[in-house]
$ cat work.cif   # mmCIF, C-alpha atoms
data_data
#
loop_
_atom_site.label_atom_id
_atom_site.label_comp_id
_atom_site.auth_asym_id
_atom_site.auth_seq_id
_atom_site.Cartn_x
_atom_site.Cartn_y
_atom_site.Cartn_z
CA MET R 1 0.00 0.00 0.00
CA LYS R 2 1.15 3.53 -0.79
CA ILE R 3 0.97 6.21 1.89
CA SER R 4 0.71 9.83 0.79
CA CYS R 5 0.27 13.21 2.46
CA PHE R 6 -2.19 16.06 1.94
CA LEU R 7 -0.56 19.51 2.24
CA SER R 8 -2.69 22.30 3.69
CA ALA R 9 -1.61 25.44 1.81
CA GLN R 10 -3.99 27.92 3.43
CA PHE R 11 -3.05 30.44 6.04
CA ASP R 12 -4.36 33.11 8.36
CA PRO R 13 -4.91 36.23 6.19
CA SER R 14 -3.01 38.34 8.72
CA ALA R 15 0.09 36.08 8.60
CA ASP R 16 3.04 36.28 6.21
CA PRO R 17 2.12 33.93 3.33
CA SER R 18 5.76 33.41 2.37
CA ALA R 19 6.40 31.87 5.80
CA GLY R 20 3.41 29.58 5.31
CA ILE R 21 4.67 28.49 1.90
CA ASP R 22 8.09 27.79 3.44
CA ASP R 23 6.33 25.49 5.92
CA VAL R 24 4.51 23.67 3.12
CA MET R 25 7.76 23.19 1.22
CA ALA R 26 9.41 21.85 4.37
CA GLN R 27 6.53 19.38 4.80
CA ALA R 28 6.89 18.21 1.18
CA ALA R 29 10.63 17.70 1.60
CA ALA R 30 10.08 15.84 4.88
CA ALA R 31 7.40 13.63 3.27
CA GLU R 32 9.75 12.78 0.42
CA ALA R 33 12.56 11.92 2.84
CA ALA R 34 10.19 9.86 5.02
CA GLY R 35 9.12 7.63 2.13
CA PHE R 36 5.65 9.02 1.37
CA HIS R 37 4.48 8.16 -2.13
CA ALA R 38 2.90 11.51 -3.04
CA VAL R 39 1.86 14.92 -1.75
CA TYR R 40 -1.55 16.35 -2.67
CA LEU R 41 -3.02 19.85 -2.79
CA GLY R 42 -6.60 21.05 -2.37
CA HIS R 43 -8.41 23.75 -4.32
CA HIS R 44 -10.82 26.56 -3.49
CA TYR R 45 -11.52 30.11 -4.56
CA LEU R 46 -12.85 32.94 -2.40
CA ALA R 47 -11.80 31.18 0.78
CA LYS R 48 -11.69 33.04 4.08
CA SER R 49 -8.16 31.77 4.61
CA ALA R 50 -5.26 32.86 2.42
CA PHE R 51 -5.47 29.92 -0.01
CA VAL R 52 -2.44 29.38 -2.26
CA GLN R 53 -3.74 28.19 -5.62
CA PRO R 54 -2.65 24.63 -6.40
CA VAL R 55 -1.53 24.80 -10.04
CA PRO R 56 1.29 27.31 -9.50
CA LEU R 57 2.15 25.73 -6.15
CA ALA R 58 2.48 22.32 -7.81
CA GLY R 59 5.08 23.77 -10.18
CA TYR R 60 6.96 25.14 -7.18
CA LEU R 61 6.81 21.72 -5.50
CA ALA R 62 8.06 20.01 -8.65
CA HIS R 63 11.19 22.15 -8.56
CA ALA R 64 11.78 21.56 -4.84
CA THR R 65 11.41 17.75 -4.89
CA SER R 66 12.80 14.92 -6.98
CA ARG R 67 11.00 11.63 -6.21
CA VAL R 68 7.65 12.17 -4.51
CA ARG R 69 4.62 12.40 -6.78
CA ILE R 70 2.62 15.65 -6.80
CA GLY R 71 -1.10 15.82 -7.22
CA PHE R 72 -4.47 17.43 -6.62
CA ALA R 73 -7.13 16.13 -4.25
CA VAL R 74 -9.09 17.63 -5.77
CA LEU R 75 -8.86 20.24 -8.53
CA LEU R 76 -12.13 22.01 -9.37
CA ALA R 77 -11.92 21.19 -13.06
CA PRO R 78 -15.33 22.62 -14.11
CA LEU R 79 -14.10 26.11 -13.23
CA TYR R 80 -11.41 25.85 -15.94
CA ASN R 81 -11.52 26.02 -19.70
CA PRO R 82 -10.59 22.43 -20.71
CA ILE R 83 -8.06 23.49 -23.34
CA GLY R 84 -6.26 25.65 -20.81
CA LEU R 85 -6.52 22.87 -18.25
CA ALA R 86 -5.02 20.32 -20.64
CA GLU R 87 -2.09 22.65 -21.40
CA ASP R 88 -1.51 23.61 -17.75
CA LEU R 89 -1.48 19.99 -16.60
CA ALA R 90 0.73 18.87 -19.48
CA SER R 91 3.14 21.64 -18.47
CA LEU R 92 3.12 20.46 -14.85
CA ASP R 93 3.78 16.89 -15.93
CA VAL R 94 6.81 18.09 -17.88
CA LEU R 95 8.02 20.28 -15.01
CA SER R 96 7.74 17.35 -12.59
CA ASN R 97 9.27 14.85 -15.04
CA GLY R 98 6.13 12.74 -15.08
CA ARG R 99 5.24 12.84 -11.38
CA LEU R 100 1.76 14.39 -11.65
CA THR R 101 -1.54 12.81 -10.51
CA VAL R 102 -4.75 14.75 -11.15
CA GLY R 103 -7.76 14.25 -8.91
CA ILE R 104 -10.72 16.31 -10.10
CA GLY R 105 -14.09 17.06 -8.56
CA ALA R 106 -17.28 18.96 -9.29
CA GLY R 107 -17.11 21.08 -6.11
CA TYR R 108 -19.77 21.79 -3.51
CA ARG R 109 -19.73 25.61 -3.15
CA LYS R 110 -22.15 27.57 -5.33
CA ARG R 111 -20.21 30.73 -4.57
CA GLU R 112 -17.34 29.37 -6.69
CA THR R 113 -19.39 28.25 -9.68
CA THR R 114 -21.35 31.53 -9.69
CA ALA R 115 -18.12 33.54 -9.64
CA PHE R 116 -16.90 31.75 -12.76
CA GLY R 117 -20.21 31.85 -14.62
CA VAL R 118 -20.68 28.08 -14.45
CA ALA R 119 -24.25 26.88 -13.99
CA TRP R 120 -24.59 24.55 -11.00
CA ASP R 121 -25.72 21.55 -13.07
CA ASP R 122 -23.21 22.35 -15.81
CA ARG R 123 -20.32 21.47 -13.52
CA LEU R 124 -21.42 17.81 -13.72
CA ARG R 125 -21.71 17.88 -17.51
CA ARG R 126 -18.24 19.42 -17.71
CA ILE R 127 -16.73 16.56 -15.69
CA ARG R 128 -18.28 14.09 -18.16
CA GLU R 129 -16.99 16.05 -21.15
CA TYR R 130 -13.56 17.04 -19.83
CA VAL R 131 -12.20 13.57 -19.00
CA PRO R 132 -12.31 12.15 -22.56
CA LEU R 133 -11.20 15.50 -23.99
CA LEU R 134 -8.15 15.69 -21.71
CA ARG R 135 -7.21 12.10 -22.51
CA ALA R 136 -7.54 12.68 -26.25
CA LEU R 137 -5.39 15.81 -26.19
CA TRP R 138 -2.73 14.17 -24.01
CA ASN R 139 -2.68 11.18 -26.37
CA GLY R 140 -1.76 13.46 -29.26
CA GLU R 141 -5.14 13.41 -30.99
CA THR R 142 -6.57 16.33 -32.92
CA VAL R 143 -10.15 16.99 -31.84
CA ASP R 144 -13.03 19.33 -32.61
CA ALA R 145 -14.31 20.41 -29.22
CA ALA R 146 -17.24 22.54 -28.12
CA GLY R 147 -19.20 23.11 -24.93
CA SER R 148 -20.54 25.75 -22.60
CA TRP R 149 -16.92 26.83 -22.08
CA GLY R 150 -16.32 27.68 -25.77
CA GLU R 151 -15.51 26.06 -29.11
CA VAL R 152 -12.32 25.08 -30.91
CA PRO R 153 -11.90 23.15 -34.18
CA GLY R 154 -8.78 21.05 -34.70
CA ALA R 155 -7.43 21.34 -31.16
CA SER R 156 -4.14 19.57 -30.41
CA LEU R 157 -1.23 19.95 -27.99
CA ALA R 158 2.30 20.63 -29.16
CA LEU R 159 3.54 20.17 -25.58
CA ARG R 160 2.77 16.60 -24.54
CA PRO R 161 2.93 15.14 -21.01
CA VAL R 162 5.87 12.97 -20.01
CA GLN R 163 3.56 10.17 -18.84
CA PRO R 164 2.16 8.20 -21.79
CA GLY R 165 -1.48 9.16 -22.15
CA GLY R 166 -1.04 11.95 -19.62
CA PRO R 167 -1.27 12.13 -15.84
CA PRO R 168 -3.60 9.66 -14.09
CA LEU R 169 -7.09 11.13 -13.72
CA TRP R 170 -9.04 10.40 -10.52
CA ILE R 171 -12.51 11.63 -9.64
CA GLY R 172 -13.37 12.65 -6.09
CA ALA R 173 -16.96 11.85 -5.14
CA PHE R 174 -19.22 11.32 -2.13
CA ALA R 175 -22.69 10.69 -3.58
CA GLU R 176 -23.68 7.52 -5.38
CA PRO R 177 -24.45 9.21 -8.76
CA ALA R 178 -20.99 10.82 -8.76
CA ILE R 179 -19.36 7.48 -7.93
CA ARG R 180 -21.19 5.87 -10.83
CA ARG R 181 -20.01 8.74 -13.05
CA ALA R 182 -16.38 8.04 -12.11
CA ALA R 183 -16.86 4.37 -12.99
CA ARG R 184 -18.44 5.14 -16.38
CA LEU R 185 -15.51 7.45 -17.18
CA ASP R 186 -13.10 4.64 -16.21
CA CYS R 187 -11.45 6.84 -13.58
CA PRO R 188 -10.35 5.65 -10.15
CA TRP R 189 -12.79 6.85 -7.50
CA LEU R 190 -10.93 8.99 -4.99
CA ILE R 191 -12.72 8.19 -1.74
CA GLY R 192 -13.18 11.24 0.48
CA PRO R 193 -12.40 11.44 4.20
CA LYS R 194 -15.72 10.03 5.40
CA GLY R 195 -17.38 6.62 5.45
CA ASN R 196 -16.80 3.60 7.67
CA ASP R 197 -15.86 0.17 6.33
CA GLU R 198 -19.44 -1.01 5.86
CA GLU R 199 -20.50 2.10 3.93
CA LEU R 200 -17.37 2.09 1.78
CA LYS R 201 -17.83 -1.59 0.92
CA ARG R 202 -21.37 -0.84 -0.30
CA LEU R 203 -20.25 2.08 -2.44
CA LEU R 204 -17.20 0.24 -3.81
CA ASP R 205 -19.46 -2.62 -4.90
CA ILE R 206 -21.58 -0.07 -6.81
CA TYR R 207 -18.46 1.47 -8.37
CA HIS R 208 -17.04 -1.87 -9.55
CA GLU R 209 -20.39 -3.12 -10.83
CA GLU R 210 -20.85 0.09 -12.84
CA ARG R 211 -17.28 0.02 -14.16
CA GLY R 212 -17.44 -3.61 -15.23
CA GLY R 213 -14.27 -5.06 -13.71
CA GLY R 214 -10.57 -4.97 -14.51
CA PRO R 215 -7.67 -3.68 -12.40
CA VAL R 216 -7.91 -0.12 -11.11
CA GLU R 217 -6.16 2.00 -8.52
CA GLN R 218 -8.25 2.61 -5.41
CA PRO R 219 -7.10 5.78 -3.60
CA MET R 220 -8.61 7.11 -0.39
CA SER R 221 -8.23 10.27 1.72
CA ARG R 222 -8.27 10.09 5.52
CA GLU R 223 -7.74 12.37 8.49
CA ALA R 224 -4.87 10.93 10.52
CA TYR R 225 -2.94 11.27 13.76
CA ILE R 226 -0.39 8.91 15.29
CA GLY R 227 0.20 8.82 19.05
CA ASP R 228 1.40 6.49 21.77
CA SER R 229 -2.12 5.08 22.27
CA TYR R 230 -5.56 5.47 20.73
CA GLY R 231 -6.80 7.50 23.71
CA GLN R 232 -3.89 9.92 23.59
CA ALA R 233 -4.08 10.35 19.80
CA ALA R 234 -7.86 10.84 19.78
CA ALA R 235 -7.69 13.42 22.56
CA ALA R 236 -4.96 15.32 20.70
CA VAL R 237 -6.72 15.45 17.33
CA ARG R 238 -10.34 15.95 18.50
CA PRO R 239 -10.21 19.78 18.94
CA ASP R 240 -8.37 20.14 15.63
CA LEU R 241 -11.02 18.14 13.78
CA GLN R 242 -13.82 20.08 15.44
CA ARG R 243 -12.30 23.37 14.24
CA GLN R 244 -11.62 21.95 10.78
CA TYR R 245 -15.15 20.71 10.14
CA ALA R 246 -16.82 23.76 11.64
CA GLY R 247 -15.30 25.68 8.72
CA TYR R 248 -17.01 23.57 6.04
CA LYS R 249 -20.15 25.70 5.98
CA SER R 250 -21.21 24.51 2.51
CA TRP R 251 -20.68 20.80 3.20
CA ASP R 252 -23.87 19.59 4.89
CA ASP R 253 -22.40 16.32 6.24
CA ALA R 254 -19.67 18.23 8.06
CA GLN R 255 -22.23 20.18 10.09
CA ASN R 256 -23.77 17.02 11.57
CA ILE R 257 -20.62 15.08 12.30
CA ASP R 258 -20.30 12.95 15.44
CA VAL R 259 -16.62 13.64 16.08
CA ASP R 260 -15.99 10.73 18.45
CA ARG R 261 -17.59 8.19 16.11
CA TYR R 262 -15.80 9.78 13.16
CA ILE R 263 -12.39 9.50 14.82
CA ALA R 264 -12.97 5.90 15.86
CA GLU R 265 -14.40 4.57 12.59
CA ASP R 266 -13.51 6.79 9.62
CA CYS R 267 -10.16 8.32 10.58
CA LEU R 268 -6.71 6.81 10.88
CA VAL R 269 -6.00 7.62 14.52
CA GLY R 270 -4.14 5.66 17.16
CA ALA R 271 -0.83 4.03 17.99
CA ALA R 272 1.31 2.62 15.18
CA ASP R 273 0.08 -0.98 15.63
CA GLU R 274 -3.57 0.14 15.47
CA ILE R 275 -2.93 2.28 12.39
CA VAL R 276 -1.08 -0.51 10.58
CA ALA R 277 -3.86 -2.99 11.38
CA LYS R 278 -6.51 -0.63 9.99
CA LEU R 279 -4.49 0.03 6.82
CA ARG R 280 -4.07 -3.71 6.24
CA ARG R 281 -7.80 -4.21 6.78
CA TRP R 282 -8.60 -1.52 4.21
CA GLU R 283 -6.15 -3.09 1.77
CA SER R 284 -7.41 -6.66 2.10
CA GLY R 285 -11.11 -5.95 2.70
CA LEU R 286 -11.72 -2.93 0.46
CA GLY R 287 -8.91 -3.14 -2.09
CA ILE R 288 -7.43 0.23 -1.13
CA THR R 289 -4.13 0.83 -2.91
CA GLU R 290 -3.21 4.31 -1.63
CA VAL R 291 -4.18 6.36 1.41
CA SER R 292 -3.56 10.12 1.48
CA LEU R 293 -3.32 11.46 5.03
CA ARG R 294 -4.15 14.92 6.25
CA LEU R 295 -1.67 15.51 9.06
CA GLN R 296 -2.21 19.25 9.60
CA PHE R 297 -5.49 20.80 10.68
CA VAL R 298 -6.75 24.33 11.27
CA GLY R 299 -4.93 25.67 14.31
CA ALA R 300 -2.20 23.00 14.35
CA GLY R 301 1.40 24.17 14.27
CA GLN R 302 4.31 23.30 11.98
CA GLU R 303 6.30 21.48 14.67
CA GLU R 304 3.45 19.05 15.36
CA THR R 305 2.89 18.46 11.64
CA MET R 306 6.56 17.72 11.01
CA GLU R 307 6.55 15.31 13.95
CA GLN R 308 3.52 13.50 12.49
CA ILE R 309 5.21 13.18 9.10
CA ALA R 310 8.35 11.78 10.74
CA ARG R 311 6.43 9.31 12.91
CA PHE R 312 4.36 7.95 10.03
CA GLY R 313 7.57 7.63 8.01
CA ALA R 314 9.36 5.75 10.78
CA GLU R 315 6.57 3.71 12.39
CA VAL R 316 4.00 3.01 9.65
CA ILE R 317 5.26 3.33 6.07
CA PRO R 318 7.99 0.64 6.28
CA ARG R 319 5.48 -1.83 7.66
CA VAL R 320 2.76 -1.39 5.03
CA SER R 321 4.71 -0.50 1.88
CA ALA R 322 6.60 -3.80 2.03
#
$ encode --input "work.cif" --output "structure tokens"
Amino acid sequence: MKISCFLSAQFDPSADPSAGIDDVMAQAAAAEAAGFHAVYLGHHYLAKSAFVQPVPLAGYLAHATSRVRIGFAVLLAPLYNPIGLAEDLASLDVLSNGRLTVGIGAGYRKRETTAFGVAWDDRLRRIREYVPLLRALWNGETVDAAGSWGEVPGASLALRPVQPGGPPLWIGAFAEPAIRRAARLDCPWLIGPKGNDEELKRLLDIYHEERGGGPVEQPMSREAYIGDSYGQAAAAVRPDLQRQYAGYKSWDDAQNIDVDRYIAEDCLVGAADEIVAKLRRWESGLGITEVSLRLQFVGAGQEETMEQIARFGAEVIPRVSA
């Protein structure tokens, strides 16, 4: 199993953003040194925090690292023009020497779609249209493309990605229709940070039935914290999670979360032995191939985050990656 790390590149608006970016770069370097498979970035516009946009930051990360993969979890693809998106992502794949993974999602904030002139329902149609268009352009095809975003005859890319066929495309989804959409597009379903084993098994069965079989990567995002015992780790992360989810005003599920149940069932929290056991259970029981861990939460400091990266690298990754 691959273990990856989600980087939180959003800061207090009153703080020096360059210092925050230095912290993110230090986390990426530490994750690479600790044996993490990839580092992932999130995406929002009009956030209340100072949110560093992921496409330029990914280019910065590509220059500062050499082995670790770089990706998005997730990029709000419907807010982009697909031709520009194809060129931007091809450029990032070149800059990273073929280390890019692209998770995309429809988004859940109407404020963002309204700001970009994207109709709420159109964001779903764009996901369906963009995936085959991106793949065709990255494969070197010449296509006539048109949609609510614009129209272009004979589109092709002179700059091609390093990875044959382009970067892997994942689709982040929570609801059953979106999971089915990912399957029909033959994209790995990027499981979000909620859902216990029973619920995930039900949804994965739907995904695989809709997709029709065959090997596929199965990535998952989880909130995580490693401690000396489950009780100590849960007590340490509980206030951070409460602050984090209180900020998701547009995500209905986050407003009704039972934090104690969530930590115990959905999250990856505990001592190393407990964390390794849960990872192995997800791998054997659910077919999970990669888990991306959020190790920094709203209000948590850099020292604690760096300690978490180091502990997962020393106590967990060697035991599950083998």
$ residues_near_point --input "work.cif" --point "(-13.5, 6.5, 11.8)" --cutoff "10 Å" --atoms "only C-alpha atoms" --output "ChimeraX atom specification"
/R:193-197,222-224,259-269
$ closest_residue --input "work.cif" --among "R:Leu89, R:Val298, R:Leu203, R:Ile171" --to "Ala246 (chain R)" --atoms "only C-alpha atoms"
R:Val298
$ closest_atom_pairs --input "work.cif" --of "region 44-127 of chain R" --to "region 145-152 of chain R" --cutoff "10 Å" --atoms "only C-alpha atoms" --output "tab-separated table"
residue	atom	partner	partner_atom	distance
R:Pro78	CA	R:Trp149	CA	9.2
R:Leu79	CA	R:Trp149	CA	9.3
R:Tyr80	CA	R:Trp149	CA	8.3
R:Asn81	CA	R:Trp149	CA	6.0
R:Pro82	CA	R:Trp149	CA	7.8
R:Ile83	CA	R:Val152	CA	8.8
R:Gly117	CA	R:Trp149	CA	9.6
R:Val118	CA	R:Ser148	CA	8.5
R:Ala119	CA	R:Ser148	CA	9.4
R:Asp122	CA	R:Ser148	CA	8.0
R:Arg125	CA	R:Gly147	CA	9.4
R:Arg126	CA	R:Gly147	CA	8.2
$ resolve_selection --input "work.cif" --expression "the PyMOL selection byres ((chain R and resi 206) around 12)" --output "PyMOL selection string"
chain R and resi 175-184+189+199-205+207-213
$ resolve_selection --input "work.cif" --expression "the PyMOL selection byres ((chain R and resi 105) around 6)" --output "PyMOL selection string"
chain R and resi 74+76+104+106-107+171-172
$ atom_distance --input "work.cif" --atom1 "CA of Thr65 (chain R)" --atom2 "CA of Gln27 (chain R)"
11.0 Å
$ resolve_selection --input "work.cif" --expression "the PyMOL selection byres ((chain R and resi 217) around 8)" --output "NGL selection string"
:R and (188 or 215-216 or 218-219 or 288-290)
$ write_last_selection --input "work.cif" --atoms "C-alpha atoms" --output "mmCIF file, in the frame of the given file"
data_model
loop_
_atom_site.group_PDB
_atom_site.id
_atom_site.type_symbol
_atom_site.label_atom_id
_atom_site.label_comp_id
_atom_site.auth_asym_id
_atom_site.auth_seq_id
_atom_site.Cartn_x
_atom_site.Cartn_y
_atom_site.Cartn_z
ATOM 1 C CA PRO R 188 -10.350 5.650 -10.150
ATOM 2 C CA PRO R 215 -7.670 -3.680 -12.400
ATOM 3 C CA VAL R 216 -7.910 -0.120 -11.110
ATOM 4 C CA GLN R 218 -8.250 2.610 -5.410
ATOM 5 C CA PRO R 219 -7.100 5.780 -3.600
ATOM 6 C CA ILE R 288 -7.430 0.230 -1.130
ATOM 7 C CA THR R 289 -4.130 0.830 -2.910
ATOM 8 C CA GLU R 290 -3.210 4.310 -1.630
#
$ atom_distance --input "work.cif" --atom1 "CA of Leu7 (chain R)" --atom2 "CA of Ala30 (chain R)"
11.6 Å
$ atom_distance --input "work.cif" --atom1 "CA of Pro318 (chain R)" --atom2 "CA of Lys2 (chain R)"
10.3 Å
$ closest_atom_pairs --input "work.cif" --of "region 82-123 of chain R" --to "region 154-166 of chain R" --cutoff "9 Å" --atoms "only C-alpha atoms" --output "Markdown table"
| residue | atom | partner | partner_atom | distance |
| --- | --- | --- | --- | --- |
| R:Ile83 | CA | R:Ala155 | CA | 8.1 |
| R:Ala86 | CA | R:Leu157 | CA | 8.3 |
| R:Glu87 | CA | R:Leu157 | CA | 7.2 |
| R:Leu89 | CA | R:Pro161 | CA | 7.9 |
| R:Ala90 | CA | R:Pro161 | CA | 4.6 |
| R:Ser91 | CA | R:Pro161 | CA | 7.0 |
| R:Leu92 | CA | R:Pro161 | CA | 8.1 |
| R:Asp93 | CA | R:Pro161 | CA | 5.4 |
| R:Val94 | CA | R:Val162 | CA | 5.6 |
| R:Ser96 | CA | R:Val162 | CA | 8.8 |
| R:Asn97 | CA | R:Val162 | CA | 6.3 |
| R:Gly98 | CA | R:Val162 | CA | 4.9 |
| R:Arg99 | CA | R:Gln163 | CA | 8.1 |
| R:Leu100 | CA | R:Gln163 | CA | 8.5 |
$ closest_residue --input "work.cif" --among "R:Ala50, R:Ala62, R:Ile191, R:Ala38" --to "Ser18 (chain R)" --atoms "only C-alpha atoms"
R:Ala50
$ closest_residue --input "work.cif" --among "R:Gly20, R:Pro56, R:Gly313, R:Gly301" --to "Ala272 (chain R)" --atoms "all atoms listed in the file"
R:Gly313
$ decode --input "work.cif" --residues "region 54-143 of chain R" --atoms "C-alpha atoms" --output "mmCIF file, in the first residue's frame"
data_model
loop_
_atom_site.group_PDB
_atom_site.id
_atom_site.type_symbol
_atom_site.label_atom_id
_atom_site.label_comp_id
_atom_site.auth_asym_id
_atom_site.auth_seq_id
_atom_site.Cartn_x
_atom_site.Cartn_y
_atom_site.Cartn_z
ATOM 1 C CA PRO R 54 -2.645 24.627 -6.397
ATOM 2 C CA VAL R 55 -1.535 24.797 -10.042
ATOM 3 C CA PRO R 56 1.291 27.314 -9.501
ATOM 4 C CA LEU R 57 2.153 25.733 -6.148
ATOM 5 C CA ALA R 58 2.482 22.316 -7.811
ATOM 6 C CA GLY R 59 5.077 23.772 -10.179
ATOM 7 C CA TYR R 60 6.965 25.138 -7.183
ATOM 8 C CA LEU R 61 6.811 21.719 -5.496
ATOM 9 C CA ALA R 62 8.059 20.013 -8.652
ATOM 10 C CA HIS R 63 11.189 22.152 -8.560
ATOM 11 C CA ALA R 64 11.784 21.560 -4.841
ATOM 12 C CA THR R 65 11.414 17.746 -4.886
ATOM 13 C CA SER R 66 12.805 14.919 -6.983
ATOM 14 C CA ARG R 67 10.998 11.632 -6.210
ATOM 15 C CA VAL R 68 7.650 12.171 -4.510
ATOM 16 C CA ARG R 69 4.619 12.403 -6.782
ATOM 17 C CA ILE R 70 2.624 15.650 -6.802
ATOM 18 C CA GLY R 71 -1.102 15.821 -7.217
ATOM 19 C CA PHE R 72 -4.469 17.431 -6.617
ATOM 20 C CA ALA R 73 -7.126 16.128 -4.253
ATOM 21 C CA VAL R 74 -9.089 17.631 -5.775
ATOM 22 C CA LEU R 75 -8.856 20.240 -8.528
ATOM 23 C CA LEU R 76 -12.128 22.012 -9.365
ATOM 24 C CA ALA R 77 -11.918 21.189 -13.062
ATOM 25 C CA PRO R 78 -15.327 22.617 -14.106
ATOM 26 C CA LEU R 79 -14.098 26.110 -13.232
ATOM 27 C CA TYR R 80 -11.415 25.852 -15.942
ATOM 28 C CA ASN R 81 -11.517 26.015 -19.705
ATOM 29 C CA PRO R 82 -10.594 22.428 -20.710
ATOM 30 C CA ILE R 83 -8.061 23.485 -23.339
ATOM 31 C CA GLY R 84 -6.256 25.653 -20.808
ATOM 32 C CA LEU R 85 -6.519 22.873 -18.251
ATOM 33 C CA ALA R 86 -5.018 20.323 -20.641
ATOM 34 C CA GLU R 87 -2.092 22.650 -21.402
ATOM 35 C CA ASP R 88 -1.515 23.612 -17.751
ATOM 36 C CA LEU R 89 -1.483 19.989 -16.600
ATOM 37 C CA ALA R 90 0.727 18.866 -19.478
ATOM 38 C CA SER R 91 3.144 21.637 -18.471
ATOM 39 C CA LEU R 92 3.119 20.461 -14.846
ATOM 40 C CA ASP R 93 3.776 16.888 -15.926
ATOM 41 C CA VAL R 94 6.806 18.085 -17.882
ATOM 42 C CA LEU R 95 8.016 20.278 -15.008
ATOM 43 C CA SER R 96 7.739 17.355 -12.586
ATOM 44 C CA ASN R 97 9.269 14.851 -15.044
ATOM 45 C CA GLY R 98 6.129 12.739 -15.079
ATOM 46 C CA ARG R 99 5.240 12.835 -11.376
ATOM 47 C CA LEU R 100 1.756 14.393 -11.647
ATOM 48 C CA THR R 101 -1.544 12.810 -10.515
ATOM 49 C CA VAL R 102 -4.752 14.751 -11.146
ATOM 50 C CA GLY R 103 -7.759 14.247 -8.915
ATOM 51 C CA ILE R 104 -10.717 16.308 -10.097
ATOM 52 C CA GLY R 105 -14.089 17.062 -8.556
ATOM 53 C CA ALA R 106 -17.285 18.961 -9.290
ATOM 54 C CA GLY R 107 -17.111 21.077 -6.114
ATOM 55 C CA TYR R 108 -19.773 21.790 -3.508
ATOM 56 C CA ARG R 109 -19.728 25.608 -3.147
ATOM 57 C CA LYS R 110 -22.154 27.565 -5.326
ATOM 58 C CA ARG R 111 -20.214 30.733 -4.575
ATOM 59 C CA GLU R 112 -17.342 29.365 -6.689
ATOM 60 C CA THR R 113 -19.390 28.253 -9.682
ATOM 61 C CA THR R 114 -21.351 31.528 -9.693
ATOM 62 C CA ALA R 115 -18.118 33.541 -9.643
ATOM 63 C CA PHE R 116 -16.898 31.748 -12.764
ATOM 64 C CA GLY R 117 -20.207 31.847 -14.616
ATOM 65 C CA VAL R 118 -20.682 28.078 -14.450
ATOM 66 C CA ALA R 119 -24.251 26.880 -13.986
ATOM 67 C CA TRP R 120 -24.585 24.554 -10.998
ATOM 68 C CA ASP R 121 -25.719 21.553 -13.065
ATOM 69 C CA ASP R 122 -23.214 22.348 -15.815
ATOM 70 C CA ARG R 123 -20.325 21.469 -13.519
ATOM 71 C CA LEU R 124 -21.421 17.810 -13.720
ATOM 72 C CA ARG R 125 -21.706 17.879 -17.508
ATOM 73 C CA ARG R 126 -18.244 19.422 -17.707
ATOM 74 C CA ILE R 127 -16.733 16.564 -15.688
ATOM 75 C CA ARG R 128 -18.276 14.085 -18.156
ATOM 76 C CA GLU R 129 -16.985 16.050 -21.148
ATOM 77 C CA TYR R 130 -13.564 17.036 -19.826
ATOM 78 C CA VAL R 131 -12.204 13.567 -19.001
ATOM 79 C CA PRO R 132 -12.308 12.150 -22.565
ATOM 80 C CA LEU R 133 -11.200 15.499 -23.992
ATOM 81 C CA LEU R 134 -8.153 15.689 -21.710
ATOM 82 C CA ARG R 135 -7.208 12.104 -22.508
ATOM 83 C CA ALA R 136 -7.538 12.681 -26.249
ATOM 84 C CA LEU R 137 -5.392 15.805 -26.190
ATOM 85 C CA TRP R 138 -2.728 14.169 -24.014
ATOM 86 C CA ASN R 139 -2.676 11.176 -26.370
ATOM 87 C CA GLY R 140 -1.757 13.463 -29.257
ATOM 88 C CA GLU R 141 -5.142 13.407 -30.991
ATOM 89 C CA THR R 142 -6.567 16.326 -32.920
ATOM 90 C CA VAL R 143 -10.147 16.987 -31.844
#
